[in-house]
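Structure data (compact mmCIF, C-alpha atoms) from run21.txt:
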```txt
# COMPACT_ATOMS: atom_id res chain seq x y z
CA MET A 23 42.37 8.38 -1.97
CA SER A 24 39.26 6.37 -1.31
CA GLN A 25 39.47 2.74 -2.32
CA THR A 26 37.36 2.62 -5.43
CA GLY A 27 37.68 0.63 -8.60
CA ASP A 28 38.74 3.74 -10.52
CA SER A 29 41.41 4.95 -8.08
CA GLU A 30 44.16 4.03 -10.54
CA GLU A 31 43.01 6.84 -12.83
CA PHE A 32 44.26 9.53 -10.45
CA ARG A 33 47.89 8.41 -10.69
CA PRO A 34 50.27 10.39 -12.92
CA VAL A 35 51.12 8.61 -16.16
CA GLU A 36 54.75 8.87 -17.26
CA LEU A 37 55.20 9.27 -20.98
CA GLY A 38 58.25 8.91 -23.16
CA GLY A 39 59.51 11.81 -25.26
CA ALA A 40 58.46 10.57 -28.68
CA GLY A 41 59.81 12.30 -31.75
CA GLN A 42 57.89 15.39 -32.67
CA GLN A 43 57.12 16.87 -36.09
CA GLU A 44 58.02 20.50 -36.58
CA ILE A 45 55.17 22.67 -37.75
CA PRO A 46 56.17 25.46 -40.15
CA ASN A 47 54.59 27.76 -39.63
CA PRO A 48 52.19 50.44 -30.84
CA SER A 49 51.05 52.18 -32.88
CA MET A 50 51.31 55.90 -31.84
CA VAL A 51 48.26 58.11 -31.97
CA GLY A 52 49.21 61.02 -34.24
CA GLY A 53 48.57 62.92 -37.41
CA GLY A 54 45.81 65.38 -38.19
CA ASP A 55 42.51 65.71 -39.90
CA ALA A 56 42.98 67.80 -43.03
CA ALA A 57 39.28 68.63 -43.23
CA SER A 58 38.93 69.89 -39.69
CA GLY A 59 42.47 71.07 -39.18
CA GLU A 60 42.61 69.30 -35.82
CA GLN A 61 45.92 67.93 -34.67
CA ARG A 62 46.10 64.81 -32.52
CA GLU A 63 48.70 64.88 -29.84
CA ASN A 64 51.15 61.96 -29.66
CA ILE A 65 50.34 60.03 -26.51
CA PRO A 66 53.08 57.88 -24.91
CA GLU A 67 52.13 54.23 -24.80
CA ALA A 68 52.54 54.02 -21.02
CA ALA A 69 49.94 56.79 -20.60
CA ALA A 70 47.58 55.48 -23.30
CA ARG A 71 47.03 52.02 -21.86
CA THR A 72 44.97 51.31 -18.79
CA PRO A 73 46.79 50.69 -15.48
CA GLY A 74 48.01 47.10 -15.17
CA GLU A 75 47.77 46.42 -18.89
CA PRO A 76 51.15 45.38 -20.37
CA GLY A 77 52.62 47.57 -23.10
CA THR A 78 54.17 46.50 -26.38
CA GLN A 79 57.61 46.01 -24.85
CA ASP A 80 56.15 43.93 -22.02
CA ARG A 81 54.27 41.73 -24.48
CA GLN A 82 57.36 41.29 -26.64
CA TYR A 83 59.33 40.29 -23.56
CA LEU A 84 56.76 37.62 -22.66
CA LEU A 85 56.63 36.33 -26.24
CA ARG A 86 60.39 35.88 -26.33
CA LYS A 87 60.85 34.64 -22.77
CA PHE A 88 58.18 31.91 -22.60
CA PHE A 89 58.70 29.05 -25.04
CA VAL A 90 54.96 28.37 -25.22
CA ALA A 91 54.48 31.77 -26.89
CA ARG A 92 56.98 31.05 -29.67
CA PRO A 93 55.59 30.29 -33.15
CA GLY A 94 54.35 26.72 -33.50
CA ALA A 95 55.02 25.60 -29.90
CA LEU A 96 51.42 25.63 -28.67
CA GLU A 97 50.15 24.15 -31.95
CA GLN A 98 52.62 21.28 -31.63
CA ALA A 99 51.59 20.63 -28.03
CA ILE A 100 47.89 20.56 -28.93
CA GLU A 101 48.53 18.16 -31.81
CA ASP A 102 50.64 15.83 -29.63
CA LEU A 103 48.15 15.78 -26.77
CA LYS A 104 45.13 15.41 -29.01
CA THR A 105 46.71 12.32 -30.58
CA HIS A 106 47.63 10.88 -27.19
CA VAL A 107 44.14 11.33 -25.75
CA THR A 108 42.46 9.89 -28.84
CA VAL A 109 44.75 6.86 -29.20
CA ARG A 110 45.51 5.95 -25.58
CA GLU A 111 42.50 7.24 -23.68
CA GLY A 112 39.87 6.74 -26.38
CA GLU A 113 38.38 10.18 -25.73
CA THR A 114 37.94 13.40 -27.69
CA VAL A 115 39.29 16.67 -26.33
CA LEU A 116 36.61 19.36 -26.11
CA SER A 117 38.89 22.22 -25.10
CA PHE A 118 42.52 23.05 -24.33
CA TRP A 119 43.65 25.47 -21.62
CA LEU A 120 47.07 26.88 -20.74
CA LEU A 121 47.12 27.56 -16.99
CA ALA A 122 49.43 27.72 -14.00
CA GLU A 123 48.93 24.99 -11.42
CA VAL A 124 49.57 26.08 -7.83
CA ASP A 125 50.53 23.19 -5.57
CA HIS A 126 49.96 22.90 -1.82
CA TRP A 127 53.34 24.58 -1.18
CA ASN A 128 52.46 27.56 -3.42
CA ASN A 129 54.76 26.52 -6.29
CA GLU A 130 53.61 27.55 -9.77
CA LYS A 131 53.85 24.98 -12.55
CA GLU A 132 52.98 25.46 -16.21
CA ARG A 133 50.25 23.07 -17.32
CA VAL A 134 48.16 22.27 -20.37
CA VAL A 135 44.69 21.28 -19.16
CA MET A 136 42.29 19.33 -21.38
CA ILE A 137 38.58 18.79 -20.84
CA THR A 138 36.89 15.81 -22.47
CA GLU A 139 33.35 14.48 -22.03
CA LYS A 140 34.52 12.15 -19.24
CA SER A 141 37.74 13.54 -17.80
CA ILE A 142 39.96 16.45 -17.03
CA LEU A 143 43.59 15.79 -17.96
CA ILE A 144 46.42 17.84 -16.46
CA CYS A 145 49.54 17.70 -18.60
CA LYS A 146 53.12 18.63 -17.83
CA TYR A 147 54.46 19.57 -21.28
CA ASP A 148 58.04 20.56 -22.08
CA PHE A 149 57.75 23.42 -24.57
CA ILE A 150 61.52 23.44 -25.06
CA MET A 151 61.81 19.81 -26.22
CA LEU A 152 58.18 19.73 -27.43
CA ALA A 153 57.42 16.57 -25.50
CA CYS A 154 54.73 15.48 -23.05
CA GLN A 155 56.28 14.43 -19.74
CA GLN A 156 53.32 13.52 -17.54
CA ILE A 157 49.53 13.40 -17.54
CA GLN A 158 47.21 13.21 -14.56
CA LYS A 159 43.68 12.07 -15.31
CA VAL A 160 40.67 12.84 -13.11
CA PRO A 161 37.17 11.60 -14.08
CA LEU A 162 34.72 14.48 -14.20
CA ASN A 163 32.02 12.50 -12.38
CA TYR A 164 34.37 12.24 -9.36
CA VAL A 165 34.71 16.03 -9.04
CA ASP A 166 32.46 16.96 -6.12
CA ARG A 167 33.46 20.54 -5.31
CA ILE A 168 34.71 23.56 -7.29
CA CYS A 169 35.88 26.65 -5.38
CA ARG A 170 36.57 30.03 -6.98
CA GLY A 171 38.06 32.93 -5.07
CA GLN A 172 41.03 34.92 -3.79
CA PHE A 173 44.15 33.17 -2.50
CA THR A 174 44.62 33.36 1.26
CA PHE A 175 47.38 32.24 3.63
CA PRO A 176 47.74 31.60 7.36
CA PRO A 177 48.06 34.85 9.39
CA ARG A 178 51.77 34.32 10.15
CA SER A 179 52.75 33.12 6.72
CA LEU A 180 55.81 34.79 5.19
CA ASP A 181 54.76 33.66 1.71
CA LYS A 182 51.94 35.54 -0.01
CA ARG A 183 50.24 35.39 -3.40
CA GLU A 184 47.95 37.95 -4.98
CA GLY A 185 45.08 37.22 -7.33
CA GLU A 186 42.39 34.59 -7.74
CA GLY A 187 42.24 30.95 -8.65
CA VAL A 188 40.03 27.88 -8.86
CA ARG A 189 40.38 24.67 -6.85
CA LEU A 190 38.62 21.42 -7.70
CA PHE A 191 38.19 18.51 -5.30
CA TRP A 192 37.47 14.94 -6.34
CA ASP A 193 37.30 12.94 -3.12
CA LYS A 194 35.25 14.54 -0.36
CA LEU A 195 35.39 11.30 1.61
CA ARG A 196 39.13 11.67 2.18
CA GLU A 197 41.14 14.52 3.64
CA ALA A 198 44.78 14.95 2.70
CA SER A 199 47.04 13.36 5.29
CA VAL A 200 49.48 15.38 7.38
CA LEU A 201 52.37 13.62 5.66
CA SER A 202 51.05 14.58 2.22
CA ARG A 203 50.45 18.20 3.20
CA TRP A 204 53.98 18.61 4.56
CA ASN A 205 55.66 16.80 1.69
CA PRO A 206 56.39 19.38 -1.07
CA TRP A 207 56.63 16.63 -3.72
CA SER A 208 53.48 14.76 -2.74
CA SER A 209 50.97 14.07 -5.52
CA ASP A 210 48.60 12.10 -3.27
CA LEU A 211 46.20 14.99 -2.74
CA PRO A 212 42.47 14.93 -3.60
CA PHE A 213 42.49 18.43 -5.12
CA THR A 214 44.35 20.72 -7.47
CA THR A 215 44.47 24.50 -7.92
CA PHE A 216 44.84 26.70 -11.02
CA THR A 217 45.42 30.37 -11.72
CA ASP A 218 46.04 32.52 -14.81
CA HIS A 219 49.10 31.81 -16.94
CA PRO A 220 51.56 34.76 -17.18
CA VAL A 221 51.27 34.99 -21.00
CA LYS A 222 47.53 35.75 -20.87
CA SER A 223 48.18 39.33 -22.04
CA CYS A 224 50.36 38.45 -25.05
CA SER A 225 47.55 38.10 -27.58
CA GLU A 226 43.82 37.57 -27.95
CA ARG A 227 44.32 33.85 -28.34
CA PHE A 228 46.24 33.53 -25.08
CA ALA A 229 43.75 35.81 -23.36
CA ILE A 230 41.06 33.21 -24.03
CA ILE A 231 42.87 30.01 -23.02
CA CYS A 232 45.00 31.34 -20.14
CA GLN A 233 42.34 32.68 -17.77
CA VAL A 234 40.64 30.69 -15.05
CA ASP A 235 37.30 32.51 -15.43
CA ALA A 236 36.50 30.97 -18.80
CA PHE A 237 38.06 27.66 -17.74
CA THR A 238 35.91 27.49 -14.60
CA ALA A 239 32.70 28.20 -16.53
CA GLU A 240 33.36 25.37 -18.98
CA LEU A 241 34.56 23.01 -16.25
CA VAL A 242 31.37 23.47 -14.23
CA GLN A 243 29.23 22.63 -17.27
CA ALA A 244 31.35 19.57 -18.11
CA VAL A 245 31.22 18.28 -14.51
CA GLN A 246 27.46 18.71 -14.25
CA LYS A 247 26.94 16.92 -17.54
CA ALA A 248 29.24 14.04 -16.52
CA HIS A 249 27.40 13.59 -13.21
CA LYS A 250 24.11 13.46 -15.07
CA LEU A 251 25.25 10.97 -17.73
CA ASP A 252 27.39 8.72 -15.54
CA PRO A 253 26.62 9.06 -11.82
CA VAL A 254 28.93 7.25 -9.42
CA PRO A 255 27.12 4.79 -7.10
CA GLY A 256 27.24 5.84 -3.47
CA ARG A 257 28.08 9.46 -4.24
CA ALA A 258 25.89 12.54 -4.26
CA ASN A 259 24.80 13.62 -7.72
CA GLY A 260 26.45 16.78 -8.96
CA ALA A 261 29.20 19.07 -7.71
CA VAL A 262 28.99 21.98 -5.30
CA VAL A 263 30.20 25.29 -6.79
CA LEU A 264 31.42 27.78 -4.20
CA ASN A 265 32.75 31.33 -4.18
CA GLN A 266 35.16 31.40 -1.26
CA PRO A 267 38.83 32.12 -0.46
CA ILE A 268 41.35 29.45 -1.45
CA LEU A 269 43.67 28.64 1.45
CA ILE A 270 47.29 27.70 0.80
CA GLU A 271 48.87 26.44 4.01
CA THR A 272 52.45 27.62 3.71
CA TYR A 273 54.36 29.51 6.38
CA ALA A 274 58.01 30.10 5.50
CA GLY A 275 57.69 29.46 1.75
CA PHE A 276 61.39 29.88 0.90
CA MET A 277 61.24 27.29 -1.87
CA SER A 278 58.18 28.82 -3.54
CA TYR A 279 59.59 32.34 -3.07
CA ILE A 280 62.69 31.46 -5.09
CA GLY A 281 60.90 29.21 -7.58
CA ASN A 282 58.00 31.52 -8.42
CA ARG A 283 60.09 34.64 -8.83
CA ASN A 284 62.45 32.82 -11.16
CA LYS A 285 59.59 31.01 -12.93
CA LEU A 286 61.25 27.63 -12.38
CA GLY A 287 57.98 25.85 -13.12
CA TYR A 288 57.82 27.18 -16.70
CA SER A 289 59.56 26.39 -19.98
CA LEU A 290 61.50 29.62 -20.04
CA ALA A 291 64.49 31.12 -21.85
CA ARG A 292 67.04 31.68 -19.08
CA GLY A 293 69.93 33.22 -20.98
CA SER A 294 73.31 31.86 -22.03
CA VAL A 295 75.66 30.05 -19.67
CA GLY A 296 79.40 30.06 -20.24
CA PHE A 297 81.99 32.35 -21.78
```
This entry written out as structure tokens:
Amino acid sequence: MSQTGDSEEFRPVELGGAGQQEIPNPSMVGGGDAASGEQRENIPEAAARTPGEPGTQDRQYLLRKFFVARPGALEQAIEDLKTHVTVREGETVLSFWLLAEVDHWNNEKERVVMITEKSILICKYDFIMLACQQIQKVPLNYVDRICRGQFTFPPRSLDKREGEGVRLFWDKLREASVLSRWNPWSSDLPFTTFTDHPVKSCSERFAIICQVDAFTAELVQAVQKAHKLDPVPGRANGAVVLNQPILIETYAGFMSYIGNRNKLGYSLARGSVGF
């Protein structure tokens, strides 16, 4: 990280698990038209939906498996984080996003991302205990590059990932050190990467807040506005927006292979243990 007066803002902030308030909170195509006498043939759900679109059973599985999709969980998280940002940071949240963060070792981690007028805040939230565990704050006027594109890996990598993501950089004057790149637990990196959250197909609400396309569009506008209102001395005004592949430098990837397939980075129902 470059030695600037605001470098402290990039460090994760550990938060205590304060007490939380609890918030109360396929169809088949069939039948006929009596007037015309036409009969509509029952169409199986698997054939009726478009390829790749989850069916009712798939959506129900996601709703029950992921704690964030359970009634009241997301509302509680938003209320907790909104209060924290207002009281401790003195800012107002403009939008909330539920995304998957992909670290430099290709590990997926569930994150609530908030955009304010001045910052982007990346929150690790426990949807089981309904408690905020960590927040990383990055000033928007320090973001100097935003890349959108397909994930790519080194040619001999055994670990692969399909799909697209977005990566934002906030310190073009400093490259990540070799030690940081090879340390799977390192947080001293001048960039972060996001992709769609797995529950994006559960409902219309999740479809809006869980996709990186909409998130990227709003992020670009917020970054450009922040650079215009509060430019950083000695830095170029504005951020470069690129459409290019996003490289993840992993080769063996055993840890991410196990973790991602078992969704270890998510608040997930994992079944009963015991007899």
Can you write out as CSV which residues of region 114-220 of chain A fall within 7 Å of region 239-258 of chain A, alongside each residue's closest atom pair and its distance in Å to one decimal, counting all atoms listed in the file and ordering rows by chain and ascending residue number?
```
residue,atom,partner,partner_atom,distance
A:Glu139,CA,A:Ala244,CA,6.7
A:Lys140,CA,A:Ala248,CA,6.2
A:Leu162,CA,A:Val245,CA,5.2
A:Asn163,CA,A:His249,CA,4.8
A:Val165,CA,A:Val245,CA,6.9
```
Report, as JSON, the centre and edge lengths in Å (one decimal) of the axis-aligned box enclosing every listed atom of region 178-182 of chain A, padded by 4 Å on each side.
```
{"center_x": 53.8, "center_y": 34.3, "center_z": 5.1, "size_x": 12.0, "size_y": 10.4, "size_z": 18.2}
```
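Nearest-residue note for Ala274 (chain A): choosing from A:Ser225, A:Thr214, A:Gln172, A:Asn128, the minimum distance belongs to A:Asn128, counting only C-alpha atoms.
Each of A:Arg110, A:His126, A:Arg292, A:Arg86 was checked against Phe216 (chain A) using all atoms listed in the file; the smallest atom-to-atom distance is that of A:His126.
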Next on the checklist: Can you pull out the residues contacting Thr238 (chain A)? Cut-off 10 Å, using all atoms listed in the file, and skip same-chain residues under 6 positions away; I want them as a VMD selection string.
Outcome noted: chain A and resid 168 to 170 187 to 190 216 244 263
Checklist entry - Could you name the residues that touch Val134 (chain A) at 8 Å or less, counting only C-alpha atoms, but leaving out those on the same chain fewer than 3 positions away, as number ranges by chain? => result A: 118-121, 144-147
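Using only C-alpha atoms for every distance, the candidate list A:Ala229, A:Leu286, A:Ala99, A:Val262 yields A:Ala99 as the residue closest to Met151 (chain A).
Candidate residues A:Glu130, A:Arg178, A:Tyr279, A:Ile157 were compared for distance to Leu103 (chain A), and the nearest is A:Ile157, using only C-alpha atoms.
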Next on the checklist: Using only C-alpha atoms, which protein or nucleic acid residues come within 12 Å of Lys182 (chain A)? Drop anything in the same chain fewer than 6 positions from it, and give the result as a VMD selection string.
Outcome noted: chain A and resid 127 to 129 172 to 176 269 to 276 278 to 279 282
Quick one: write out the picked residues with C-alpha atoms as a short mmCIF file (atom, residue, chain, number, x, y, z; two decimals), in the frame of the given file?
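After the write, again_11.cif holds the following:
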```cif
data_model
loop_
_atom_site.label_atom_id
_atom_site.label_comp_id
_atom_site.auth_asym_id
_atom_site.auth_seq_id
_atom_site.Cartn_x
_atom_site.Cartn_y
_atom_site.Cartn_z
CA TRP A 127 53.34 24.58 -1.18
CA ASN A 128 52.46 27.56 -3.42
CA ASN A 129 54.76 26.52 -6.29
CA GLN A 172 41.03 34.92 -3.79
CA PHE A 173 44.15 33.17 -2.50
CA THR A 174 44.62 33.36 1.26
CA PHE A 175 47.38 32.24 3.63
CA PRO A 176 47.74 31.60 7.36
CA LEU A 269 43.67 28.64 1.45
CA ILE A 270 47.29 27.70 0.80
CA GLU A 271 48.87 26.44 4.01
CA THR A 272 52.45 27.62 3.71
CA TYR A 273 54.36 29.51 6.38
CA ALA A 274 58.01 30.10 5.50
CA GLY A 275 57.69 29.46 1.75
CA PHE A 276 61.39 29.88 0.90
CA SER A 278 58.18 28.82 -3.54
CA TYR A 279 59.59 32.34 -3.07
CA ASN A 282 58.00 31.52 -8.42
#
```
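If you measure from each of A:Lys131, A:Asp148, A:Cys154, A:His219 to His106 (chain A) using only C-alpha atoms, the closest one turns out to be A:Cys154.
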Checklist entry - Between CA of Thr215 (chain A) and CA of Gly171 (chain A), what is the spacing in Å? => result 11.0 Å
Checklist entry - Which protein, DNA or RNA residues have an atom at most 12 Å from (51.4, 26.0, -31.8), counting all atoms listed in the file? List them as a VMD selection string. => result chain A and resid 43 to 47 89 to 103 118 120 149 152 227 to 228
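Taking all atoms listed in the file into account, Val221 (chain A) lies nearest to A:Leu290 out of the set A:Leu143, A:Val160, A:Ala153, A:Leu290.
Atom pair CA of Leu116 (chain A) / CA of Met136 (chain A) has a distance of 7.4 Å (rounded to one decimal).
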